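Asker: Can you keep this structure in mind? I'll have questions shortly.
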Amino acid sequence: MTTAATREDRRISPVFLGIAAVTAVAGWAVWTGFADTTGFAVFLFVTGAWIVSLCLHEYAHARTALHSGDLSVGAKGYLTLNPLKYTHALLSIVLPVLFVVMGGIGLPGGAVYIERARIHGRWKHSLISAAGPLTNVAFAVVCTAPFWLDALDGVPPAFQYALAFLAMLQVTAAILNSLPIPGLDGYGVIEPWLSYRIRRQVEPIAPFGLIAVFAILWIPAVNIAFFDAIDALLGVLGVDDLQRYCGYDLYRFWKAFFGEQNPGCAV
């Protein structure tokens with residue numbers, strides 16, 4: 001009985017498989033130019049891939065917690081990659097997607113609840129928190145591989161643009177989520193090493209950490225400096241500003257209906 005339940009707890013969710021399938025079909029449509037509206041195919045491909053990365057981000061937290069001693073993550077459905085099993089689907093999926101649409105940045109969302117009392121050892125707690133951002137780093141490496149490997153021959157421009165924009169989302173998510181701000185994974189990495197007094201003082205403001213980051217990024221000077229740094233990092237990975245910009249431009253497919261898309265990004 002226990003074995004069957006364990007297998008069920010770890011079985012990949014049909015919801016996740018459906019999202020992955022939509023992402024794959026949309027990616028094929030972008031590559032082949034099959035879609036009548038390339039921008040809509042880019043939107044589906046990037047959004048689907050972004051949700052897949054969010055699922056993998058949270059799975060990494062849960063899987064690391066499982067091996068660190070929190071056996072409850074299986075019963076909660078966190079190992080099935082089902083985004084509907086997260087503690088708050090709005091924060092975990094809807095808000096990160098809205099952030100992409102509104103600002104073209106990959107902001108992380110709150111998701112899995114780890115029973116920290118079951119886990120012993122500071123390094124284990126830190127590793128659980130670090131597992132999510134490291135997943136985004138791995139995703140960014142995969143997305144940018146064709147660029148830094150100089151393997152873009154034969155890759156359609158629209159697909160290059162989509163990959164460039166998706167890479168930017170992964171890079172921004174990894175960087176922002178690694179900030180040592182309460183409520184984000186970066187703070188979770190250092191929290192076990194802080195005194196009990198400091199942790200108690202910080203605890204009440206943790207739920208507002210993500211909102212604070214989003215608000216700060218709306219400050220023009222901060223926004224410009226942040227994206228300059230992102231562009232520089234992507235440049236090191238072989239992705240230039242135009243590719244990233246055109247990816248975001250195509251992603252907002254609805255602008256084409258109003259004649260607002262940049263003609264320089266035509267495919």
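Naming works like this for the structure tokens: A, B, ... for the chains as they're shown, residue 1 at the start of each chain, ligands 1 onward in shown order.
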Find the residues of segment 111-179 of chain A that sit at most 9 Å from segment 225-232 of chain A; for each, write down the nearest two atoms and how far apart they are in Å, to one decimal. Count only C-alpha atoms. Sort by chain, then by number going up, and give it as a Markdown table.

Answerer:
| residue | atom | partner | partner_atom | distance |
| --- | --- | --- | --- | --- |
| A:Met168 | CA | A:Ile230 | CA | 7.5 |
| A:Val171 | CA | A:Ile230 | CA | 7.5 |
| A:Thr172 | CA | A:Ile230 | CA | 7.1 |

Asker: Tell me, which residues of segment 42-246 of chain A carry DSSP alpha helix (DSSP H), written as a PyMOL selection string?

Answerer: chain A and resi 42-68+72-75+89+95-103+122-148+157-177+185-190+196-202+209-217+220-236+241-246

Asker: Kindly export the residues of the current selection with C-alpha atoms, as a compact mmCIF listing (two decimals), in the first residue's frame.

Answerer:
# COMPACT_ATOMS: atom_id res chain seq x y z
CA VAL A 42 6.09 32.60 -29.76
CA PHE A 43 3.73 33.62 -26.95
CA LEU A 44 2.57 30.03 -26.42
CA PHE A 45 6.09 28.62 -26.67
CA VAL A 46 7.72 31.07 -24.27
CA THR A 47 4.81 31.06 -21.79
CA GLY A 48 4.66 27.27 -21.83
CA ALA A 49 8.41 26.93 -21.38
CA TRP A 50 8.33 29.53 -18.60
CA ILE A 51 5.63 27.57 -16.73
CA VAL A 52 7.62 24.36 -17.23
CA SER A 53 10.66 26.06 -15.70
CA LEU A 54 8.54 27.26 -12.75
CA CYS A 55 7.40 23.69 -12.18
CA LEU A 56 10.98 22.41 -12.34
CA HIS A 57 12.09 25.20 -10.00
CA GLU A 58 9.61 24.11 -7.35
CA TYR A 59 10.27 20.42 -8.01
CA ALA A 60 13.95 21.08 -7.27
CA HIS A 61 13.02 22.57 -3.90
CA ALA A 62 10.74 19.64 -3.10
CA ARG A 63 13.09 16.92 -4.29
CA THR A 64 15.99 18.36 -2.31
CA ALA A 65 13.75 18.62 0.76
CA LEU A 66 12.70 14.97 0.31
CA HIS A 67 16.31 13.81 0.36
CA SER A 68 17.01 16.10 3.30
CA SER A 72 5.72 15.09 3.49
CA VAL A 73 6.43 16.69 0.09
CA GLY A 74 5.31 13.53 -1.69
CA ALA A 75 1.87 13.45 -0.07
CA ALA A 89 -1.39 28.73 -7.69
CA LEU A 95 1.65 36.31 -11.15
CA PRO A 96 4.97 35.21 -12.71
CA VAL A 97 3.26 34.97 -16.12
CA LEU A 98 1.71 38.43 -15.62
CA PHE A 99 5.14 39.81 -14.74
CA VAL A 100 6.43 38.47 -18.05
CA VAL A 101 3.57 40.04 -20.01
CA MET A 102 3.77 43.39 -18.21
CA GLY A 103 7.50 43.88 -17.89
CA ARG A 122 22.07 24.30 8.19
CA TRP A 123 23.64 23.20 4.94
CA LYS A 124 20.57 21.13 4.05
CA HIS A 125 18.27 24.11 4.61
CA SER A 126 20.50 26.32 2.48
CA LEU A 127 20.70 23.74 -0.31
CA ILE A 128 16.90 23.38 -0.41
CA SER A 129 16.56 27.13 -0.97
CA ALA A 130 19.38 27.24 -3.52
CA ALA A 131 17.97 24.37 -5.59
CA GLY A 132 15.30 26.57 -7.24
CA PRO A 133 17.54 29.36 -8.58
CA LEU A 134 20.10 26.77 -9.68
CA THR A 135 17.37 25.21 -11.82
CA ASN A 136 16.83 28.57 -13.51
CA VAL A 137 20.58 28.82 -14.10
CA ALA A 138 20.56 25.38 -15.74
CA PHE A 139 17.57 26.37 -17.88
CA ALA A 140 19.37 29.56 -18.95
CA VAL A 141 22.46 27.58 -19.95
CA VAL A 142 20.32 25.28 -22.11
CA CYS A 143 18.49 28.20 -23.76
CA THR A 144 21.67 30.09 -24.54
CA ALA A 145 23.72 27.05 -25.63
CA PRO A 146 23.04 27.60 -29.36
CA PHE A 147 24.30 31.18 -28.97
CA TRP A 148 27.55 30.61 -27.06
CA PRO A 157 15.15 33.99 -36.67
CA ALA A 158 11.81 33.74 -34.83
CA PHE A 159 13.03 30.73 -32.86
CA GLN A 160 16.29 32.51 -32.07
CA TYR A 161 14.35 35.50 -30.77
CA ALA A 162 12.06 33.28 -28.68
CA LEU A 163 15.04 31.47 -27.14
CA ALA A 164 16.78 34.78 -26.43
CA PHE A 165 13.73 36.14 -24.61
CA LEU A 166 13.23 32.89 -22.70
CA ALA A 167 16.90 32.96 -21.69
CA MET A 168 16.44 36.49 -20.38
CA LEU A 169 13.51 35.33 -18.24
CA GLN A 170 15.62 32.56 -16.74
CA VAL A 171 18.55 34.87 -16.05
CA THR A 172 16.38 37.51 -14.40
CA ALA A 173 14.58 34.85 -12.34
CA ALA A 174 17.88 33.36 -11.17
CA ILE A 175 19.33 36.75 -10.22
CA LEU A 176 16.23 38.22 -8.57
CA ASN A 177 15.41 35.06 -6.65
CA ASP A 185 15.32 31.94 -2.06
CA GLY A 186 18.45 34.01 -1.62
CA TYR A 187 17.35 34.88 1.89
CA GLY A 188 16.45 31.23 2.47
CA VAL A 189 20.06 30.31 1.72
CA ILE A 190 21.47 32.59 4.44
CA TYR A 196 17.25 33.48 16.15
CA ARG A 197 16.62 37.14 17.06
CA ILE A 198 17.24 38.38 13.52
CA ARG A 199 15.08 35.63 12.01
CA ARG A 200 12.18 36.53 14.29
CA GLN A 201 12.48 40.22 13.41
CA VAL A 202 12.53 39.51 9.68
CA GLY A 209 9.66 40.63 -0.24
CA LEU A 210 8.51 39.81 -3.77
CA ILE A 211 6.23 42.84 -3.89
CA ALA A 212 9.10 45.05 -2.73
CA VAL A 213 11.36 43.75 -5.52
CA PHE A 214 8.69 44.37 -8.13
CA ALA A 215 8.09 47.92 -6.79
CA ILE A 216 11.81 48.74 -6.74
CA LEU A 217 12.18 47.62 -10.34
CA PRO A 220 13.46 54.15 -13.66
CA ALA A 221 17.10 54.41 -12.56
CA VAL A 222 17.00 50.96 -10.94
CA ASN A 223 15.22 49.45 -13.93
CA ILE A 224 17.79 50.82 -16.39
CA ALA A 225 20.74 49.67 -14.29
CA PHE A 226 19.20 46.23 -13.83
CA PHE A 227 18.54 45.64 -17.52
CA ASP A 228 21.96 46.99 -18.45
CA ALA A 229 23.45 44.33 -16.20
CA ILE A 230 21.16 41.65 -17.68
CA ASP A 231 22.11 42.69 -21.23
CA ALA A 232 25.80 42.52 -20.31
CA LEU A 233 25.40 39.02 -18.86
CA LEU A 234 23.39 37.81 -21.85
CA GLY A 235 26.06 39.30 -24.11
CA VAL A 236 28.64 37.12 -22.39
CA ASP A 241 20.22 43.07 -27.24
CA LEU A 242 18.36 42.92 -30.55
CA GLN A 243 17.60 39.20 -30.24
CA ARG A 244 16.25 39.62 -26.73
CA TYR A 245 14.27 42.71 -27.66
CA CYS A 246 12.76 41.09 -30.76

Asker: In Å, with one decimal, what is the gap from atom CA of Ile12 of chain A to atom CA of Glu115 of chain A?

Answerer: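 It comes out at 22.2 Å.
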
Asker: What's around Asn82 of chain A at 8 Å? Count only C-alpha atoms, leave out sequence neighbours fewer than 5 positions away in its own chain, and write the answer as an NGL selection string.

Answerer: :A and (12-16 or 55 or 77)

Asker: Grab the atom CA of Cys265 of chain A to atom CA of Gly247 of chain A distance for me, in Å with one decimal place.

Answerer: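 Distance reported for this atom pair: 8.3 Å.
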
Asker: From the list A:Pro207, A:Pro156, A:Gly69, A:Pro83, which residue is nearest Gly33 of chain A when using only C-alpha atoms?

Answerer: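 Checking each of A:Pro207, A:Pro156, A:Gly69, A:Pro83 against Gly33 of chain A, counting only C-alpha atoms, the winner is A:Pro156.
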
Asker: Please, what distance in Å, to one decimal, runs between atom CA of Thr38 of chain A and atom CA of Gly106 of chain A?

Answerer: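 Those two atoms sit 22.0 Å apart.
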